[in-house]
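*Asks:* So here's structure.txt, just compact mmCIF, C-alpha atoms and all ligand atoms:
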# COMPACT_ATOMS: atom_id res chain seq x y z
CA MET J 1 -252.32 -74.45 -68.10
CA ALA J 2 -253.33 -76.35 -64.98
CA SER J 3 -255.77 -79.18 -65.59
CA MET J 4 -259.10 -79.38 -63.74
CA ASP J 5 -257.54 -82.03 -61.51
CA ASP J 6 -254.86 -79.60 -60.36
CA ASP J 7 -257.38 -77.00 -59.22
CA HIS J 8 -257.17 -77.87 -55.53
CA VAL J 9 -253.37 -78.27 -55.42
CA THR J 10 -251.92 -75.28 -53.62
CA SER J 11 -248.70 -76.82 -52.28
CA GLY J 12 -245.37 -77.49 -53.95
CA CYS J 13 -241.64 -76.92 -54.07
CA LEU J 14 -239.25 -75.59 -56.71
CA ALA J 15 -235.68 -76.68 -55.97
CA ASN J 16 -232.19 -76.17 -57.36
CA ALA J 17 -233.30 -72.76 -58.63
CA THR J 18 -231.72 -69.33 -58.86
CA LEU J 19 -234.01 -67.58 -56.38
CA VAL J 20 -234.40 -63.82 -56.75
CA LEU J 21 -234.52 -62.52 -53.18
CA ASP J 22 -234.93 -58.87 -52.17
CA ASP J 23 -231.24 -57.95 -52.33
CA ARG J 24 -229.44 -60.92 -53.93
CA THR J 25 -229.87 -64.13 -55.84
CA MET J 26 -229.34 -67.49 -54.14
CA ARG J 27 -229.23 -71.07 -55.38
CA GLY J 28 -231.90 -72.84 -53.38
CA ALA J 29 -235.46 -74.06 -52.99
CA ILE J 30 -238.80 -72.47 -52.28
CA ALA J 31 -241.68 -74.41 -50.76
CA TRP J 32 -245.31 -73.40 -50.27
CA SER J 33 -248.42 -74.86 -48.74
CA HIS J 34 -252.08 -73.79 -48.83
CA GLY J 35 -251.11 -70.92 -51.09
CA ILE J 36 -248.50 -69.41 -48.74
CA ILE J 37 -244.70 -69.57 -48.97
CA THR J 38 -243.45 -71.73 -46.09
CA ALA J 39 -239.68 -72.01 -46.58
CA ILE J 40 -236.68 -70.69 -48.51
CA THR J 41 -233.58 -72.88 -48.22
CA GLU J 42 -230.09 -72.62 -49.69
CA GLY J 43 -228.37 -75.33 -51.74
CA THR J 44 -228.84 -77.60 -54.73
CA ASP J 45 -230.79 -80.38 -52.99
CA VAL J 46 -233.99 -81.57 -54.66
CA PRO J 47 -236.29 -83.03 -52.00
CA ASP J 48 -238.75 -85.84 -52.82
CA GLY J 49 -241.70 -84.45 -54.74
CA ALA J 50 -239.97 -81.16 -55.59
CA THR J 51 -239.31 -79.92 -59.13
CA ASP J 52 -235.64 -79.71 -60.15
CA CYS J 53 -235.32 -76.29 -61.82
CA ARG J 54 -231.72 -76.95 -62.91
CA GLY J 55 -230.71 -73.38 -62.22
CA ASP J 56 -233.71 -71.61 -63.79
CA VAL J 57 -234.55 -68.22 -62.32
CA VAL J 58 -237.40 -68.23 -59.79
CA LEU J 59 -238.92 -64.89 -58.88
CA PRO J 60 -242.12 -63.44 -57.40
CA GLY J 61 -245.24 -63.23 -59.58
CA LEU J 62 -245.50 -59.92 -61.42
CA VAL J 63 -247.73 -57.11 -60.16
CA GLU J 64 -249.28 -54.99 -62.94
CA LEU J 65 -250.83 -51.68 -61.92
CA HIS J 66 -251.87 -50.21 -65.26
CA THR J 67 -252.80 -52.22 -68.33
CA ASP J 68 -255.07 -51.46 -71.26
CA SER J 69 -255.27 -55.17 -72.02
CA LEU J 70 -258.85 -55.67 -70.81
CA GLU J 71 -260.16 -52.85 -73.01
CA ARG J 72 -258.48 -54.51 -75.98
CA HIS J 73 -260.27 -57.80 -75.23
CA ILE J 74 -263.63 -56.06 -74.72
CA GLU J 75 -263.29 -54.02 -77.93
CA PRO J 76 -260.95 -55.99 -80.21
CA ARG J 77 -261.79 -53.64 -83.11
CA PRO J 78 -263.31 -50.14 -82.91
CA GLY J 79 -267.03 -50.56 -82.33
CA VAL J 80 -266.89 -54.32 -81.65
CA ASP J 81 -268.30 -55.24 -78.21
CA TRP J 82 -267.04 -58.77 -77.40
CA PRO J 83 -269.00 -60.86 -74.83
CA HIS J 84 -267.62 -59.58 -71.55
CA ASP J 85 -267.18 -62.74 -69.50
CA ALA J 86 -265.33 -64.37 -72.38
CA ALA J 87 -263.18 -61.27 -72.78
CA LEU J 88 -262.43 -61.12 -69.05
CA MET J 89 -261.33 -64.75 -68.98
CA ALA J 90 -259.18 -64.44 -72.11
CA HIS J 91 -257.54 -61.33 -70.62
CA ASP J 92 -256.99 -63.20 -67.33
CA ARG J 93 -255.33 -66.16 -69.06
CA GLU J 94 -253.23 -63.91 -71.28
CA LEU J 95 -251.83 -62.10 -68.27
CA ALA J 96 -251.22 -65.42 -66.45
CA SER J 97 -249.20 -66.62 -69.44
CA CYS J 98 -247.08 -63.46 -69.18
CA GLY J 99 -246.20 -64.12 -65.53
CA ILE J 100 -248.60 -61.54 -64.11
CA THR J 101 -250.26 -62.86 -60.94
CA THR J 102 -251.80 -59.59 -59.71
CA VAL J 103 -253.43 -57.07 -62.00
CA PHE J 104 -255.22 -53.78 -61.54
CA ASP J 105 -257.62 -53.71 -64.48
CA ALA J 106 -257.72 -50.18 -65.86
CA MET J 107 -261.19 -48.89 -66.73
CA ARG J 108 -261.91 -45.36 -67.89
CA VAL J 109 -264.42 -43.24 -65.96
CA GLY J 110 -265.47 -39.94 -67.50
CA SER J 111 -267.02 -39.99 -70.96
CA VAL J 112 -267.28 -37.52 -73.82
CA LEU J 113 -270.72 -37.96 -75.31
CA SER J 114 -270.55 -34.83 -77.49
CA GLY J 115 -267.52 -36.08 -79.41
CA GLY J 116 -269.23 -37.31 -82.57
CA LYS J 117 -266.86 -39.77 -84.19
CA MET J 118 -264.57 -39.33 -81.14
CA ALA J 119 -267.29 -39.98 -78.55
CA TYR J 120 -266.30 -42.00 -75.49
CA VAL J 121 -269.24 -43.77 -73.92
CA GLU J 122 -269.58 -44.99 -70.35
CA TYR J 123 -268.72 -48.62 -69.62
CA ALA J 124 -266.74 -48.86 -66.37
CA ARG J 125 -269.52 -49.47 -63.83
CA GLY J 126 -271.05 -52.33 -65.79
CA LEU J 127 -267.72 -53.94 -66.58
CA ALA J 128 -266.50 -53.60 -62.98
CA THR J 129 -269.64 -55.36 -61.74
CA GLU J 130 -269.09 -58.16 -64.25
CA MET J 131 -265.43 -58.52 -63.26
CA LEU J 132 -266.23 -58.59 -59.54
CA ALA J 133 -268.95 -61.23 -60.10
CA LEU J 134 -266.66 -63.42 -62.20
CA ARG J 135 -263.90 -63.08 -59.59
CA ALA J 136 -266.29 -64.02 -56.76
CA ALA J 137 -267.45 -67.07 -58.74
CA GLY J 138 -263.87 -68.32 -59.12
CA GLY J 139 -263.79 -67.64 -62.85
CA LEU J 140 -260.46 -65.86 -62.84
CA GLN J 141 -257.08 -67.50 -62.29
CA ILE J 142 -254.97 -64.54 -61.21
CA GLU J 143 -255.73 -61.80 -58.68
CA HIS J 144 -257.72 -58.90 -60.10
CA PHE J 145 -258.34 -55.46 -58.63
CA LEU J 146 -259.96 -52.36 -60.09
CA HIS J 147 -258.08 -49.34 -61.38
CA LEU J 148 -260.33 -46.43 -62.28
CA ARG J 149 -258.78 -44.04 -64.79
CA ALA J 150 -260.51 -40.76 -64.02
CA GLU J 151 -260.52 -38.67 -67.19
CA ILE J 152 -260.53 -35.07 -66.01
CA CYS J 153 -261.22 -33.82 -69.51
CA SER J 154 -264.68 -35.36 -69.91
CA GLU J 155 -268.36 -34.65 -69.35
CA THR J 156 -269.53 -37.35 -66.94
CA LEU J 157 -266.67 -38.01 -64.52
CA LEU J 158 -268.42 -37.13 -61.26
CA GLU J 159 -271.61 -39.07 -62.04
CA GLU J 160 -269.60 -42.12 -63.07
CA LEU J 161 -267.46 -41.98 -59.92
CA ALA J 162 -270.57 -41.64 -57.76
CA ALA J 163 -271.58 -45.13 -58.89
CA PHE J 164 -268.56 -46.62 -57.07
CA GLY J 165 -268.25 -47.13 -53.32
CA PRO J 166 -265.94 -48.66 -50.70
CA GLN J 167 -267.60 -52.06 -51.23
CA ASP J 168 -266.08 -52.26 -54.74
CA GLY J 169 -262.56 -52.49 -53.34
CA VAL J 170 -261.15 -50.15 -55.97
CA GLY J 171 -257.37 -50.42 -55.64
CA ILE J 172 -256.17 -47.43 -57.64
CA LEU J 173 -257.73 -44.25 -58.94
CA SER J 174 -255.56 -42.34 -61.41
CA LEU J 175 -256.00 -38.71 -62.38
CA MET J 176 -255.81 -38.49 -66.16
CA ASP J 177 -255.79 -35.31 -68.12
CA HIS J 178 -255.35 -35.99 -71.81
CA THR J 179 -256.25 -32.48 -72.94
CA PRO J 180 -254.32 -31.83 -76.16
CA GLY J 181 -251.33 -29.52 -75.85
CA GLN J 182 -250.13 -30.65 -72.43
CA ARG J 183 -248.74 -33.67 -70.54
CA GLN J 184 -248.72 -36.83 -72.72
CA PHE J 185 -249.77 -34.83 -75.76
CA ARG J 186 -247.77 -31.64 -75.28
CA ASP J 187 -246.68 -32.35 -78.86
CA ILE J 188 -250.03 -32.24 -80.68
CA SER J 189 -248.57 -33.85 -83.81
CA LYS J 190 -248.23 -37.11 -81.81
CA LEU J 191 -251.90 -36.93 -80.85
CA ARG J 192 -252.85 -36.20 -84.46
CA ALA J 193 -250.97 -39.28 -85.68
CA TYR J 194 -252.52 -41.38 -82.91
CA VAL J 195 -256.20 -40.45 -83.31
CA MET J 196 -256.21 -39.95 -87.07
CA GLY J 197 -254.63 -43.38 -87.45
CA LYS J 198 -256.84 -45.09 -84.89
CA ARG J 199 -260.14 -43.42 -85.78
CA GLY J 200 -259.70 -42.66 -89.44
CA MET J 201 -260.27 -38.89 -89.04
CA ASP J 202 -259.46 -35.97 -91.35
CA GLU J 203 -257.71 -32.74 -90.35
CA ALA J 204 -260.93 -30.74 -89.88
CA GLY J 205 -262.36 -33.48 -87.68
CA PHE J 206 -259.15 -33.59 -85.67
CA GLN J 207 -259.21 -29.81 -85.12
CA ALA J 208 -262.83 -29.99 -83.95
CA HIS J 209 -261.91 -32.83 -81.59
CA VAL J 210 -259.04 -30.83 -80.08
CA ALA J 211 -261.22 -27.75 -79.65
CA ASN J 212 -263.94 -29.79 -77.95
CA LEU J 213 -261.48 -31.32 -75.46
CA GLN J 214 -259.96 -27.94 -74.64
CA ARG J 215 -263.46 -26.56 -74.06
CA LEU J 216 -264.22 -29.44 -71.69
CA ARG J 217 -260.99 -28.87 -69.77
CA ASP J 218 -261.85 -25.21 -69.31
CA ALA J 219 -265.43 -25.95 -68.28
CA HIS J 220 -264.90 -28.90 -65.91
CA GLY J 221 -261.19 -29.44 -65.24
CA ASP J 222 -260.88 -27.98 -61.76
CA ALA J 223 -264.13 -29.43 -60.44
CA HIS J 224 -263.31 -32.84 -61.90
CA GLU J 225 -259.83 -32.90 -60.40
CA ALA J 226 -261.10 -32.00 -56.93
CA GLY J 227 -263.99 -34.45 -57.27
CA ALA J 228 -261.75 -37.31 -58.31
CA VAL J 229 -259.37 -36.74 -55.40
CA ALA J 230 -262.34 -36.72 -53.01
CA ALA J 231 -263.73 -39.87 -54.63
CA ALA J 232 -260.44 -41.74 -54.12
CA ARG J 233 -260.60 -40.91 -50.42
CA ARG J 234 -264.27 -41.88 -50.17
CA ILE J 235 -263.84 -45.29 -51.82
CA GLY J 236 -260.45 -46.08 -50.25
CA ALA J 237 -258.37 -46.15 -53.44
CA VAL J 238 -254.66 -45.37 -53.75
CA LEU J 239 -254.31 -42.18 -55.78
CA ALA J 240 -252.04 -42.16 -58.84
CA SER J 241 -250.96 -39.26 -61.03
CA HIS J 242 -250.60 -39.67 -64.78
CA ASP J 243 -248.35 -37.99 -67.35
CA ASP J 244 -247.09 -35.31 -64.95
CA THR J 245 -244.81 -33.05 -67.00
CA THR J 246 -243.66 -30.19 -64.76
CA ALA J 247 -242.39 -29.91 -61.19
CA ASP J 248 -245.46 -27.79 -60.45
CA GLN J 249 -247.76 -30.59 -61.57
CA VAL J 250 -245.87 -33.03 -59.33
CA ALA J 251 -246.24 -30.61 -56.41
CA VAL J 252 -249.99 -30.59 -56.98
CA SER J 253 -250.00 -34.40 -57.13
CA ALA J 254 -248.09 -34.58 -53.85
CA ARG J 255 -250.61 -32.25 -52.21
CA HIS J 256 -253.41 -34.52 -53.43
CA GLY J 257 -251.72 -37.47 -51.69
CA VAL J 258 -250.59 -39.29 -54.83
CA ARG J 259 -248.67 -42.51 -54.02
CA VAL J 260 -247.48 -43.52 -57.49
CA ALA J 261 -246.71 -41.48 -60.61
CA GLU J 262 -247.68 -43.10 -63.90
CA PHE J 263 -245.50 -42.20 -66.87
CA PRO J 264 -244.08 -38.77 -65.96
CA THR J 265 -243.17 -37.32 -69.34
CA THR J 266 -239.97 -35.40 -68.51
CA PHE J 267 -236.79 -35.64 -66.43
CA GLU J 268 -237.99 -32.61 -64.50
CA ALA J 269 -241.17 -34.38 -63.40
CA ALA J 270 -239.36 -37.62 -62.51
CA GLU J 271 -236.84 -35.75 -60.37
CA ALA J 272 -239.66 -33.90 -58.62
CA CYS J 273 -241.31 -37.28 -57.91
CA ARG J 274 -238.11 -38.58 -56.36
CA ASP J 275 -237.84 -35.47 -54.20
CA ALA J 276 -241.47 -35.86 -53.12
CA GLY J 277 -241.04 -39.59 -52.35
CA ILE J 278 -243.46 -40.66 -55.09
CA PRO J 279 -242.42 -43.86 -56.93
CA VAL J 280 -242.11 -43.39 -60.71
CA MET J 281 -243.82 -45.89 -63.02
CA MET J 282 -242.74 -46.17 -66.63
CA GLY J 283 -244.01 -48.31 -69.49
CA ALA J 284 -242.34 -51.58 -70.39
CA PRO J 285 -242.76 -50.85 -74.13
CA ASN J 286 -240.82 -47.61 -73.62
CA VAL J 287 -237.93 -49.64 -72.12
CA ILE J 288 -238.02 -52.25 -74.88
CA ARG J 289 -238.38 -49.82 -77.78
CA GLY J 290 -235.81 -47.46 -76.31
CA GLY J 291 -238.22 -44.52 -76.29
CA SER J 292 -241.80 -43.31 -75.84
CA HIS J 293 -244.38 -43.66 -78.64
CA SER J 294 -245.70 -40.22 -77.63
CA GLY J 295 -242.27 -38.61 -77.93
CA ASN J 296 -241.77 -38.21 -74.17
CA VAL J 297 -238.85 -39.04 -71.88
CA SER J 298 -237.08 -42.37 -72.40
CA ALA J 299 -237.60 -44.89 -69.58
CA LEU J 300 -234.04 -46.17 -70.03
CA ASP J 301 -232.70 -42.65 -69.53
CA LEU J 302 -234.67 -42.41 -66.29
CA ALA J 303 -233.43 -45.85 -65.25
CA GLY J 304 -229.86 -44.78 -65.91
CA ALA J 305 -230.38 -41.78 -63.65
CA GLY J 306 -231.93 -43.89 -60.89
CA LEU J 307 -235.36 -42.33 -61.44
CA LEU J 308 -237.38 -45.42 -62.39
CA ASN J 309 -239.06 -47.44 -59.63
CA VAL J 310 -241.97 -49.35 -61.20
CA LEU J 311 -242.66 -50.86 -64.62
CA SER J 312 -246.10 -51.39 -66.15
CA SER J 313 -246.82 -53.45 -69.25
CA ASP J 314 -249.08 -50.57 -70.44
CA TYR J 315 -250.32 -51.89 -73.81
CA VAL J 316 -248.20 -55.10 -74.18
CA PRO J 317 -248.69 -57.62 -71.33
CA SER J 318 -245.78 -59.81 -72.40
CA GLY J 319 -243.49 -56.79 -72.22
CA LEU J 320 -243.43 -56.63 -68.44
CA LEU J 321 -241.02 -59.47 -67.74
CA LEU J 322 -238.92 -58.69 -70.82
CA ALA J 323 -238.51 -55.07 -69.73
CA ALA J 324 -237.43 -56.20 -66.25
CA TRP J 325 -234.80 -58.38 -67.94
CA ARG J 326 -233.58 -55.38 -69.95
CA LEU J 327 -233.36 -53.27 -66.81
CA SER J 328 -231.40 -55.99 -65.09
CA ALA J 329 -228.83 -55.74 -67.87
CA VAL J 330 -228.72 -51.93 -67.59
CA TRP J 331 -228.30 -52.00 -63.83
CA ASN J 332 -226.38 -55.29 -63.69
CA ASP J 333 -228.69 -56.07 -60.79
CA LEU J 334 -231.45 -58.66 -61.24
CA PRO J 335 -233.06 -58.25 -57.78
CA ARG J 336 -233.32 -54.49 -58.28
CA ALA J 337 -234.89 -54.94 -61.71
CA VAL J 338 -237.31 -57.59 -60.47
CA ALA J 339 -238.43 -55.27 -57.66
CA THR J 340 -239.78 -52.84 -60.29
CA VAL J 341 -242.35 -55.43 -61.36
CA THR J 342 -243.03 -57.09 -57.99
CA ARG J 343 -242.33 -55.60 -54.57
CA THR J 344 -242.36 -51.89 -55.40
CA PRO J 345 -245.70 -51.89 -57.29
CA ALA J 346 -247.25 -54.15 -54.64
CA GLN J 347 -246.23 -51.76 -51.89
CA ALA J 348 -247.28 -48.69 -53.88
CA ALA J 349 -250.74 -50.22 -54.23
CA GLY J 350 -250.90 -51.07 -50.54
CA LEU J 351 -250.56 -54.85 -50.95
CA GLN J 352 -248.31 -56.09 -48.15
CA ASP J 353 -248.96 -59.80 -48.68
CA ARG J 354 -247.03 -60.28 -51.93
CA GLY J 355 -244.21 -59.10 -54.17
CA ALA J 356 -241.27 -61.01 -52.67
CA LEU J 357 -240.05 -64.55 -52.05
CA GLN J 358 -240.48 -64.63 -48.29
CA PRO J 359 -242.12 -67.14 -45.93
CA GLY J 360 -245.58 -65.94 -44.93
CA LEU J 361 -246.30 -64.14 -48.22
CA ARG J 362 -248.62 -65.39 -50.97
CA ALA J 363 -247.12 -68.12 -53.11
CA ASP J 364 -247.07 -66.10 -56.35
CA VAL J 365 -244.02 -67.54 -58.06
CA LEU J 366 -242.55 -67.69 -61.58
CA ARG J 367 -240.04 -70.12 -63.01
CA VAL J 368 -238.20 -68.49 -65.91
CA ARG J 369 -235.44 -69.76 -68.19
CA ASP J 370 -233.07 -67.26 -69.71
CA ARG J 371 -232.69 -67.88 -73.46
CA ASP J 372 -229.78 -65.74 -74.61
CA GLY J 373 -231.07 -62.73 -72.70
CA THR J 374 -234.78 -63.29 -73.38
CA PRO J 375 -236.85 -64.64 -70.48
CA SER J 376 -238.90 -67.74 -71.26
CA ILE J 377 -241.67 -68.49 -68.75
CA GLN J 378 -241.75 -72.15 -67.69
CA ARG J 379 -244.38 -72.05 -64.97
CA VAL J 380 -246.63 -69.52 -63.25
CA ILE J 381 -247.96 -70.14 -59.75
CA CYS J 382 -250.63 -67.86 -58.27
CA GLY J 383 -251.70 -68.39 -54.67
CA GLY J 384 -249.90 -71.72 -54.73
CA ARG J 385 -251.81 -72.98 -57.78
CA THR J 386 -250.22 -73.49 -61.19
CA VAL J 387 -252.04 -71.18 -63.62
CA ALA J 388 -249.73 -71.34 -66.62
FE FE D 401 -251.66 -40.99 -70.76
Could I get this structure in the form of structure tokens?
*Replies:*
Amino acid sequence: MASMDDDHVTSGCLANATLVLDDRTMRGAIAWSHGIITAITEGTDVPDGATDCRGDVVLPGLVELHTDSLERHIEPRPGVDWPHDAALMAHDRELASCGITTVFDAMRVGSVLSGGKMAYVEYARGLATEMLALRAAGGLQIEHFLHLRAEICSETLLEELAAFGPQDGVGILSLMDHTPGQRQFRDISKLRAYVMGKRGMDEAGFQAHVANLQRLRDAHGDAHEAGAVAAARRIGAVLASHDDTTADQVAVSARHGVRVAEFPTTFEAAEACRDAGIPVMMGAPNVIRGGSHSGNVSALDLAGAGLLNVLSSDYVPSGLLLAAWRLSAVWNDLPRAVATVTRTPAQAAGLQDRGALQPGLRADVLRVRDRDGTPSIQRVICGGRTVA
């Protein structure tokens, strides 16, 4: 971690490094000043004051569009509400240590108050306000944006969305429909294992939970979907789809103006995304484990077919860089793999000022040493400042 004394230092140079450029790697140096990359030069020279990386890989800081990490810090055990500023800062430092320099913090909007033991209560507006205040006060070390996960199958989605406006700078709004029996949980046995394990529920309780969610989908689904699409337009957020399973669902997403597809669950959906020009995001844990924990399509299979464009750490922040390393082995192409965690997600989210090692872009830079195929982070620079 940077010391207090380093706080104002936003200039530096990493030399004699293996730089990951857009389309190739190059032995050379990268310099930055006032938080912006100023020069990329070829060769093994180490100028005065520069750090000799001795061949370590230097790549852009990672851009994470969808992580549950903040929720885990806020509620470290079911029912435990951890002090929010402390949780936000611990989350921020955890991501920094994983090489993530830009994060879209996922927060659920749309609650299920009638769910008994499975109730989901509202929290997003309050937490977003706390995050924005901490960010404005300089309390966070990496760049944070908001990602609202709009749960279509809920009771309060439209009221919760109405509490957000353009001034909140919401980066992404994703359309989530976790109704049992479709999309992520087309196989209900996977949902049963997930919620009965997580919430300690018996079979009768599970059946009641499923029936309640299906009732909510029937009662509110169409209005919620239309309302969420309208809300994304009103507040200026990039629209994301989530768990699309069929080509028809992808066609609907394309009509809504979706710009990134989170975790399509089948080959059919991923191919439809490619045909519609929608980048496909898959979970890093899926790459690392060699399959989906919900029993859906394997990210490595999609990668092999050229249908994977973006990785997200999903529920394991440290998995993002590791998964990019695995993809680089599959594709035998490090720049292409690195783009899935840097340039492509940045562009999908509308951020043009980052995601590549290029003069004029933000100095978000990682130094990584390869240890027998496992990446080991040596230094993380965000906006020119060392944050880990
Ligand atoms: Fe999902």
*Asks:* Could you check the closest approach to ligand FE 401 (chain D) for each of J:Ala96, J:Leu127, J:Leu175, J:Leu70 and tell me which residue wins, using all atoms listed in the file?
*Replies:*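 Ranking J:Ala96, J:Leu127, J:Leu175, J:Leu70 by distance to ligand FE 401 (chain D), first place goes to J:Leu175.
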*Asks:* Pick from J:Gly79, J:Pro60, J:Pro47, J:Gly350: nearest to Lys198 of chain J, with all atoms listed in the file counted?
*Replies:* J:Gly79
*Asks:* Mind pulling up the distance from atom CA of Arg125 of chain J to atom CA of Ala162 of chain J?
*Replies:*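 Those two atoms sit 10.0 Å apart.
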*Asks:* How would you report the residues lying within 10 Å of ligand FE 401 (chain D), as a PyMOL selection string, if you count all atoms listed in the file?
*Replies:* chain J and resi 149+151+175-179+183-185+241-244+262-265+294+314
*Asks:* Counting all atoms listed in the file, figure out which residue out of J:Pro375, J:Gly205, J:Gly171, J:Gly35 gets nearest to Leu351 of chain J.
*Replies:*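 Using all atoms listed in the file, Leu351 of chain J sits closest to J:Gly171.
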*Asks:* Mind pulling up the distance from atom CA of Gly355 of chain J to atom CA of Ile36 of chain J?
*Replies:* 12.4 Å
*Asks:* I'd like the interatomic distance between atom CA of Thr102 of chain J and atom CA of Gln347 of chain J, to a tenth of an Å.
*Replies:*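 Separating atom CA of Thr102 of chain J from atom CA of Gln347 of chain J is a distance of 12.4 Å.
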*Asks:* Between J:Leu113, J:Leu59, J:Val260, J:Ala269, which is the closest to Ile30 of chain J once you count only C-alpha atoms?
*Replies:*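 Ranking J:Leu113, J:Leu59, J:Val260, J:Ala269 by distance to Ile30 of chain J, first place goes to J:Leu59.
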*Asks:* Is it possible to get the residues within 12 Å of (-232.4, -44.5, -62.1) (coordinates as in the file, counting all atoms listed in the file) written as a PyMOL selection string?
*Replies:* chain J and resi 267+270-271+274+279-282+298-310+327-328+330-331+336-337+340
*Asks:* Within 12 Å of (-278.5, -42.3, -72.8), in the coordinates the file gives, what residues turn up when you count only C-alpha atoms, written out as a PyMOL selection string?
*Replies:* chain J and resi 111+113-114+121-122+156
*Asks:* Could the residues in this selection be saved with C-alpha atoms as a PDB file, keeping the file's coordinate frame?
*Replies:*
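New file result-v4.pdb:
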ATOM      1  CA  SER J 111    -267.020 -39.990 -70.960  1.00  0.00           C
ATOM      2  CA  LEU J 113    -270.720 -37.960 -75.310  1.00  0.00           C
ATOM      3  CA  SER J 114    -270.550 -34.830 -77.490  1.00  0.00           C
ATOM      4  CA  VAL J 121    -269.240 -43.770 -73.920  1.00  0.00           C
ATOM      5  CA  GLU J 122    -269.580 -44.990 -70.350  1.00  0.00           C
ATOM      6  CA  THR J 156    -269.530 -37.350 -66.940  1.00  0.00           C
TER       7      THR J 156
END
*Asks:* At a cut-off of 9 Å, using all atoms listed in the file, what residues contact Ala228 of chain J? Leave out same-chain residues fewer than 5 positions from it and give the result as a VMD selection string.
*Replies:* chain J and resid 150 152 157 to 158 161 173 to 175 223 233
*Asks:* How would the residues just chosen look if you wrote them out with C-alpha atoms as a compact mmCIF listing (two decimals), keeping the file's coordinate frame?
*Replies:*
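Resulting contents of selection-v4.txt:
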# COMPACT_ATOMS: atom_id res chain seq x y z
CA ALA J 150 -260.51 -40.76 -64.02
CA ILE J 152 -260.53 -35.07 -66.01
CA LEU J 157 -266.67 -38.01 -64.52
CA LEU J 158 -268.42 -37.13 -61.26
CA LEU J 161 -267.46 -41.98 -59.92
CA LEU J 173 -257.73 -44.25 -58.94
CA SER J 174 -255.56 -42.34 -61.41
CA LEU J 175 -256.00 -38.71 -62.38
CA ALA J 223 -264.13 -29.43 -60.44
CA ARG J 233 -260.60 -40.91 -50.42
*Asks:* Could you tell me which of J:Ile188, J:Ala31, J:Leu140, J:Cys53 comes closest to Arg369 of chain J if we count only C-alpha atoms?
*Replies:*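 Comparing J:Ile188, J:Ala31, J:Leu140, J:Cys53 against Arg369 of chain J, the winner is J:Cys53.
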*Asks:* Give the answer as one residue: which of J:His8, J:His209, J:Arg289, J:Arg362 has the shortest atom-to-atom distance to Ala323 of chain J, using all atoms listed in the file?
*Replies:* J:Arg289
*Asks:* The centre and edge lengths of an axis-aligned box containing all atoms of segment 246-261 of chain J present in the file, extended by 4 Å on each side, are to be given in Å to one decimal, as JSON.
*Replies:*
{"center_x": -247.9, "center_y": -35.7, "center_z": -58.2, "size_x": 19.0, "size_y": 23.7, "size_z": 21.1}
*Asks:* So that I can check the surroundings of Ser313 of chain J, please list as a ChimeraX atom specification every protein, DNA and RNA residue that reaches within 9 Å of it, counting all atoms listed in the file and ignoring chain neighbours fewer than 4 positions away.
*Replies:* /J:64-68,282-285,317-321,323
*Asks:* Show me, as a ChimeraX atom specification, the residues that have an atom within 7 Å of Val112 of chain J when counting all atoms listed in the file, minus same-chain residues fewer than 4 positions from it.
*Replies:* /J:119-121,154-155
*Asks:* Include C-alpha atoms and write out the residues we just selected as a PDB file, in the frame of the given file.
*Replies:*
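In the end it all went to out_27.pdb:
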ATOM      1  CA  ALA J 119    -267.290 -39.980 -78.550  1.00  0.00           C
ATOM      2  CA  TYR J 120    -266.300 -42.000 -75.490  1.00  0.00           C
ATOM      3  CA  VAL J 121    -269.240 -43.770 -73.920  1.00  0.00           C
ATOM      4  CA  SER J 154    -264.680 -35.360 -69.910  1.00  0.00           C
ATOM      5  CA  GLU J 155    -268.360 -34.650 -69.350  1.00  0.00           C
TER       6      GLU J 155
END
